[in-house]
Amino acid sequence: MKRVSRKRLLSGMQPTQGKLHLGNLEGALRNWVNLQEEYDLFCCVVDWHALTTMIDHSGEIYENSIGVATDYLAAGIDPDRSAIFLQSQVKEHAELYLLFSMCTPLGWLERVPTYKEKRELLTGYADASHGLLGYPVLQAADILLYKPYGVPVGKDQVPHLELTREIGRRFNYLFGNVFPEIQNVLSETPSMMGMDGRKMSKSYDNAIYIADTPDETAMKIMKAFTDPLKIRKDDPGHPEGCAVCDLHTVYNPNYVLALEECRQGLRGCVQNKRECIESVNEALAPIRARRRVLEQDRGHVVDILAAGAEKARAVASETMKEVRIAMGLP
Ligand code: TRP
């Protein structure tokens, strides 16, 4: 049977930690796993991007990247169909970044909301570097190198994708039509709530990780923030805004009943937490089991990354040839 050529997608995550949390899993990874059925997926671990905030711990980034790749695989990204690779192992990302930086006006970058937010937070050697300002230019290179149909990401990335389109358009205007207009492929699941009721994020220390044990998961859920107005178990609860009810909606197939019982004061938070722990641990069991096997075989993950980089390079080097020709840089 002749294989029909499929549309391509490119996405990536930063290895600022060596493990991904349930927000990453439900907000992005699961979506990627499903998209593999229909698209050729390029899953990048954007390790150079991590340097924008980790310049003083650069030595941790490689191990973190292996951890992130391990989570990709455990979640079900299939290395036979999709390319899983490290950005730094495909040097074309750096070359296109440099060429794009020459056609990106400073004003475009200063407007990016994530730049403004991060600039406030960073101190010391990571303080507002040229690289931080250029972050979206590197991201545009990550994406356009593969001339993808689209990019599966969360809503928070929409401004970055808009900038990617603007950079692509300007390049095309200056040098001829090389890059496609990329689509946002937004994931259905909105962001998950962390155990303190804020958005789940590694920087808030409120996350449950794929790599957590069932006991660690249970402890985090037992301590989680719930409805402050529900003091006794027969008080009527308000599931919206409760971290435990939020987990129910994602992981408990019978969540409608659980939330209704909470609302009517028919169940207390302790019962709610116990059942939640069971649902979460059960749903994660197969992913965690695969992760444990992969952790025992780091060499296998390293090999998968090498093969993924080769697949990625095959596409990236073709794009770079076109780019150099278009610019008249032989
Ligand atoms: N900026 C993205 C994030 O913080 C990471 C990223 C870098 C990315 N390059 C990318 C995402 C290319 C999608 C495609 O999550």
# chains A, B, ... in the order shown; residues from 1 in each chain; ligands from 1

call {"tool": "residues_near_ligand", "arguments": {"ligand": "ligand 1", "cutoff": "7 Å", "atoms": "only C-alpha atoms and all ligand atoms", "output": "list in words"}}
result
Leu10, Ser11, Gly12, Met13, Gln14, Val46, His49, Leu138, Gln139, Ala140, Asp142, Ile143, Val151, Val153 and Gln157 of chain A

call {"tool": "residues_around", "arguments": {"residues": "Ala75 (chain A)", "least_positions_apart": "2", "cutoff": "12 Å", "atoms": "only C-alpha atoms", "output": "PyMOL selection string"}}
result
chain A and resi 19-22+24-26+28-34+68-73+77-79+210-211+283-292+294

call {"tool": "closest_atom_pairs", "arguments": {"of": "region 16-116 of chain A", "to": "region 166-180 of chain A", "cutoff": "9 Å", "atoms": "only C-alpha atoms", "output": "CSV"}}
result
residue,atom,partner,partner_atom,distance
A:Phe100,CA,A:Ile167,CA,7.2
A:Cys103,CA,A:Phe171,CA,7.0
A:Thr104,CA,A:Ile167,CA,6.5

call {"tool": "residues_around", "arguments": {"residues": "Asn281 (chain A)", "least_positions_apart": "5", "cutoff": "12 Å", "atoms": "only C-alpha atoms", "output": "VMD selection string"}}
result
chain A and resid 22 208 to 219 221 247 to 248 251 to 252 274 to 276 286 to 289

call {"tool": "write_last_selection", "arguments": {"atoms": "C-alpha atoms", "output": "PDB file, in the first residue's frame"}}
result
ATOM      1  CA  LEU A  22      -0.578  16.605  34.686  1.00  0.00           C
ATOM      2  CA  ILE A 208       1.256  16.413  40.393  1.00  0.00           C
ATOM      3  CA  TYR A 209       3.835  14.763  38.144  1.00  0.00           C
ATOM      4  CA  ILE A 210       3.600  11.768  35.848  1.00  0.00           C
ATOM      5  CA  ALA A 211       6.751  10.579  37.631  1.00  0.00           C
ATOM      6  CA  ASP A 212       5.181  10.854  41.118  1.00  0.00           C
ATOM      7  CA  THR A 213       4.409   7.586  42.921  1.00  0.00           C
ATOM      8  CA  PRO A 214       0.786   6.760  43.804  1.00  0.00           C
ATOM      9  CA  ASP A 215       1.621   7.603  47.449  1.00  0.00           C
ATOM     10  CA  GLU A 216       3.097  10.987  46.572  1.00  0.00           C
ATOM     11  CA  THR A 217       0.005  11.650  44.476  1.00  0.00           C
ATOM     12  CA  ALA A 218      -2.263  10.692  47.377  1.00  0.00           C
ATOM     13  CA  MET A 219      -0.401  12.972  49.776  1.00  0.00           C
ATOM     14  CA  ILE A 221      -4.403  15.409  46.887  1.00  0.00           C
ATOM     15  CA  LEU A 247      -9.203  16.458  39.012  1.00  0.00           C
ATOM     16  CA  HIS A 248     -12.488  14.522  39.163  1.00  0.00           C
ATOM     17  CA  TYR A 251      -9.972  11.524  35.702  1.00  0.00           C
ATOM     18  CA  ASN A 252     -13.226  10.172  37.174  1.00  0.00           C
ATOM     19  CA  ARG A 274     -10.150   9.448  48.488  1.00  0.00           C
ATOM     20  CA  GLU A 275     -12.142   8.724  45.343  1.00  0.00           C
ATOM     21  CA  CYS A 276     -10.152  11.309  43.428  1.00  0.00           C
ATOM     22  CA  PRO A 286      -0.225   2.550  32.492  1.00  0.00           C
ATOM     23  CA  ILE A 287       1.762   5.721  31.757  1.00  0.00           C
ATOM     24  CA  ARG A 288       3.703   5.405  34.997  1.00  0.00           C
ATOM     25  CA  ALA A 289       4.416   1.731  34.332  1.00  0.00           C
TER      26      ALA A 289
END

call {"tool": "closest_residue", "arguments": {"among": "A:Asp205, A:Leu161, A:Met320, A:Ala224", "to": "Glu92 (chain A)", "atoms": "only C-alpha atoms"}}
result
A:Met320

call {"tool": "atom_distance", "arguments": {"atom1": "CA of Ala83 (chain A)", "atom2": "CA of Arg313 (chain A)"}}
result
10.3 Å

call {"tool": "atom_distance", "arguments": {"atom1": "CA of Thr52 (chain A)", "atom2": "CA of Glu188 (chain A)"}}
result
28.9 Å

call {"tool": "residues_around", "arguments": {"residues": "Lys223 (chain A)", "least_positions_apart": "2", "cutoff": "10 Å", "atoms": "only C-alpha atoms", "output": "ChimeraX atom specification"}}
result
/A:195-196,218-221,225-226,244,273

call {"tool": "closest_residue", "arguments": {"among": "A:Gln271, A:Ser5, A:Ser317, A:Ser187", "to": "Asp156 (chain A)", "atoms": "only C-alpha atoms"}}
result
A:Ser187

call {"tool": "closest_residue", "arguments": {"among": "A:Gly308, A:Ala128, A:Cys245, A:Ala50", "to": "Gly197 (chain A)", "atoms": "only C-alpha atoms"}}
result
A:Cys245

call {"tool": "closest_residue", "arguments": {"among": "A:Gln17, A:Gln36, A:Thr249, A:Gln87", "to": "Ala316 (chain A)", "atoms": "only C-alpha atoms"}}
result
A:Gln87

call {"tool": "atom_distance", "arguments": {"atom1": "CA of Ala141 (chain A)", "atom2": "CA of Ser82 (chain A)"}}
result
19.4 Å

call {"tool": "select_by_dssp", "arguments": {"residues": "region 22-265 of chain A", "states": "alpha helix (DSSP H)", "output": "JSON list (two decimals) with C-alpha atoms, in the first residue's frame"}}
result
[["chain", "number", "residue", "atom", "x", "y", "z"],
["A", 22, "LEU", "CA", -0.58, 16.60, 34.69],
["A", 23, "GLY", "CA", -1.16, 20.05, 33.18],
["A", 24, "ASN", "CA", 1.43, 19.24, 30.49],
["A", 30, "ARG", "CA", -2.53, 13.61, 25.16],
["A", 31, "ASN", "CA", -3.47, 15.81, 22.27],
["A", 32, "TRP", "CA", -0.16, 15.05, 20.53],
["A", 33, "VAL", "CA", -0.69, 11.33, 21.07],
["A", 34, "ASN", "CA", -4.09, 11.51, 19.35],
["A", 35, "LEU", "CA", -2.79, 13.71, 16.54],
["A", 47, "ASP", "CA", 16.71, 22.65, 25.42],
["A", 48, "TRP", "CA", 18.25, 25.90, 24.14],
["A", 49, "HIS", "CA", 15.09, 27.74, 25.20],
["A", 50, "ALA", "CA", 15.65, 26.49, 28.76],
["A", 51, "LEU", "CA", 18.88, 28.50, 28.83],
["A", 52, "THR", "CA", 16.85, 31.72, 28.87],
["A", 53, "THR", "CA", 16.02, 31.01, 32.52],
["A", 54, "MET", "CA", 18.70, 28.43, 33.50],
["A", 61, "ILE", "CA", 19.47, 20.75, 31.07],
["A", 62, "TYR", "CA", 20.63, 17.60, 29.26],
["A", 63, "GLU", "CA", 19.43, 15.23, 32.00],
["A", 64, "ASN", "CA", 16.17, 17.17, 32.22],
["A", 65, "SER", "CA", 15.74, 16.72, 28.48],
["A", 66, "ILE", "CA", 16.10, 12.96, 28.80],
["A", 67, "GLY", "CA", 13.44, 13.07, 31.51],
["A", 68, "VAL", "CA", 11.05, 15.06, 29.31],
["A", 69, "ALA", "CA", 11.63, 12.68, 26.39],
["A", 70, "THR", "CA", 10.92, 9.79, 28.78],
["A", 71, "ASP", "CA", 7.57, 11.38, 29.64],
["A", 72, "TYR", "CA", 6.78, 11.90, 25.93],
["A", 73, "LEU", "CA", 7.36, 8.20, 25.33],
["A", 74, "ALA", "CA", 5.52, 7.07, 28.47],
["A", 75, "ALA", "CA", 2.49, 9.15, 27.47],
["A", 92, "GLU", "CA", 19.78, 24.18, 11.70],
["A", 93, "HIS", "CA", 17.61, 25.67, 14.48],
["A", 94, "ALA", "CA", 20.51, 27.98, 15.38],
["A", 95, "GLU", "CA", 21.19, 29.01, 11.79],
["A", 96, "LEU", "CA", 17.58, 29.87, 10.99],
["A", 97, "TYR", "CA", 17.29, 31.69, 14.33],
["A", 98, "LEU", "CA", 20.21, 33.90, 13.36],
["A", 99, "LEU", "CA", 18.83, 34.66, 9.91],
["A", 100, "PHE", "CA", 15.34, 35.36, 11.32],
["A", 101, "SER", "CA", 16.84, 37.66, 13.97],
["A", 102, "MET", "CA", 18.00, 39.90, 11.12],
["A", 106, "LEU", "CA", 12.86, 44.87, 18.02],
["A", 107, "GLY", "CA", 9.43, 46.39, 18.59],
["A", 108, "TRP", "CA", 7.72, 43.10, 17.76],
["A", 109, "LEU", "CA", 9.70, 41.35, 20.49],
["A", 110, "GLU", "CA", 9.29, 44.01, 23.17],
["A", 113, "PRO", "CA", 3.56, 39.40, 26.90],
["A", 114, "THR", "CA", 5.74, 36.48, 28.10],
["A", 115, "TYR", "CA", 8.84, 38.65, 27.68],
["A", 116, "LYS", "CA", 7.44, 41.36, 29.89],
["A", 117, "GLU", "CA", 6.39, 38.82, 32.55],
["A", 118, "LYS", "CA", 9.66, 36.92, 32.58],
["A", 119, "ARG", "CA", 11.81, 40.03, 32.56],
["A", 120, "GLU", "CA", 10.26, 41.03, 35.87],
["A", 121, "LEU", "CA", 11.02, 37.67, 37.48],
["A", 130, "HIS", "CA", 19.37, 39.21, 24.50],
["A", 131, "GLY", "CA", 18.38, 35.51, 24.34],
["A", 132, "LEU", "CA", 15.24, 36.08, 26.42],
["A", 133, "LEU", "CA", 14.14, 38.87, 24.11],
["A", 135, "TYR", "CA", 13.03, 33.64, 22.57],
["A", 136, "PRO", "CA", 10.10, 33.91, 20.11],
["A", 137, "VAL", "CA", 12.52, 34.21, 17.17],
["A", 138, "LEU", "CA", 14.10, 30.90, 18.14],
["A", 139, "GLN", "CA", 10.61, 29.46, 18.50],
["A", 140, "ALA", "CA", 9.73, 30.70, 15.00],
["A", 141, "ALA", "CA", 12.85, 28.93, 13.71],
["A", 142, "ASP", "CA", 11.89, 25.72, 15.57],
["A", 143, "ILE", "CA", 8.54, 25.77, 13.85],
["A", 144, "LEU", "CA", 9.18, 27.06, 10.34],
["A", 158, "VAL", "CA", -1.02, 32.09, 20.76],
["A", 159, "PRO", "CA", 1.03, 35.34, 20.84],
["A", 160, "HIS", "CA", 4.19, 33.35, 20.03],
["A", 161, "LEU", "CA", 2.50, 31.70, 17.07],
["A", 162, "GLU", "CA", 1.26, 35.07, 15.83],
["A", 163, "LEU", "CA", 4.86, 36.30, 15.88],
["A", 164, "THR", "CA", 5.98, 33.15, 14.04],
["A", 165, "ARG", "CA", 3.48, 33.98, 11.30],
["A", 166, "GLU", "CA", 4.68, 37.57, 11.15],
["A", 167, "ILE", "CA", 8.30, 36.53, 10.84],
["A", 168, "GLY", "CA", 7.40, 34.00, 8.13],
["A", 169, "ARG", "CA", 5.41, 36.61, 6.23],
["A", 170, "ARG", "CA", 8.20, 39.14, 6.38],
["A", 171, "PHE", "CA", 10.73, 36.56, 5.20],
["A", 172, "ASN", "CA", 8.45, 35.59, 2.32],
["A", 173, "TYR", "CA", 7.93, 39.25, 1.41],
["A", 174, "LEU", "CA", 11.66, 39.93, 1.36],
["A", 175, "PHE", "CA", 12.94, 36.74, -0.25],
["A", 214, "PRO", "CA", 0.79, 6.76, 43.80],
["A", 215, "ASP", "CA", 1.62, 7.60, 47.45],
["A", 216, "GLU", "CA", 3.10, 10.99, 46.57],
["A", 217, "THR", "CA", 0.01, 11.65, 44.48],
["A", 218, "ALA", "CA", -2.26, 10.69, 47.38],
["A", 219, "MET", "CA", -0.40, 12.97, 49.78],
["A", 220, "LYS", "CA", -0.68, 15.95, 47.42],
["A", 221, "ILE", "CA", -4.40, 15.41, 46.89],
["A", 222, "MET", "CA", -5.08, 14.92, 50.61],
["A", 243, "ALA", "CA", -8.72, 21.58, 42.93],
["A", 244, "VAL", "CA", -10.05, 18.12, 43.84],
["A", 245, "CYS", "CA", -13.26, 18.50, 41.84],
["A", 246, "ASP", "CA", -11.16, 19.73, 38.92],
["A", 247, "LEU", "CA", -9.20, 16.46, 39.01],
["A", 248, "HIS", "CA", -12.49, 14.52, 39.16],
["A", 249, "THR", "CA", -13.70, 16.10, 35.94],
["A", 250, "VAL", "CA", -10.57, 14.94, 34.14],
["A", 251, "TYR", "CA", -9.97, 11.52, 35.70],
["A", 255, "TYR", "CA", -17.52, 12.83, 37.85],
["A", 256, "VAL", "CA", -21.00, 14.20, 37.16],
["A", 257, "LEU", "CA", -22.40, 12.22, 40.08],
["A", 258, "ALA", "CA", -19.45, 13.05, 42.36],
["A", 259, "LEU", "CA", -19.79, 16.78, 41.71],
["A", 260, "GLU", "CA", -23.56, 16.69, 42.16],
["A", 261, "GLU", "CA", -23.19, 14.94, 45.54],
["A", 262, "CYS", "CA", -20.64, 17.57, 46.56],
["A", 263, "ARG", "CA", -22.96, 20.36, 45.51]]

call {"tool": "closest_residue", "arguments": {"among": "A:Leu186, A:Lys233, A:Lys155, A:Thr16", "to": "Gly59 (chain A)", "atoms": "only C-alpha atoms"}}
result
A:Thr16

call {"tool": "closest_residue", "arguments": {"among": "A:Asp303, A:Asn206, A:Pro148, A:Gly265", "to": "Lys230 (chain A)", "atoms": "only C-alpha atoms"}}
result
A:Gly265

call {"tool": "select_by_dssp", "arguments": {"residues": "region 70-238 of chain A", "states": "strand (DSSP E or B)", "output": "ChimeraX atom specification"}}
result
/A:83-86,150-153,183-186,193,199,209

call {"tool": "write_last_selection", "arguments": {"atoms": "C-alpha atoms", "output": "mmCIF file, in the first residue's frame"}}
result
data_model
loop_
_atom_site.group_PDB
_atom_site.id
_atom_site.type_symbol
_atom_site.label_atom_id
_atom_site.label_comp_id
_atom_site.auth_asym_id
_atom_site.auth_seq_id
_atom_site.Cartn_x
_atom_site.Cartn_y
_atom_site.Cartn_z
ATOM 1 C CA ALA A 83 10.215 12.235 15.584
ATOM 2 C CA ILE A 84 11.226 12.892 19.193
ATOM 3 C CA PHE A 85 14.370 15.018 19.313
ATOM 4 C CA LEU A 86 16.436 17.661 21.086
ATOM 5 C CA GLY A 150 0.277 23.707 12.322
ATOM 6 C CA VAL A 151 1.450 23.738 15.912
ATOM 7 C CA PRO A 152 -0.480 21.969 18.700
ATOM 8 C CA VAL A 153 -0.174 24.184 21.774
ATOM 9 C CA GLN A 183 -2.310 27.055 11.990
ATOM 10 C CA ASN A 184 -2.922 27.054 15.749
ATOM 11 C CA VAL A 185 -4.015 23.536 16.703
ATOM 12 C CA LEU A 186 -5.443 24.277 20.132
ATOM 13 C CA MET A 193 -5.782 23.530 38.412
ATOM 14 C CA LYS A 199 -3.003 27.153 37.533
ATOM 15 C CA TYR A 209 3.835 14.763 38.144
#
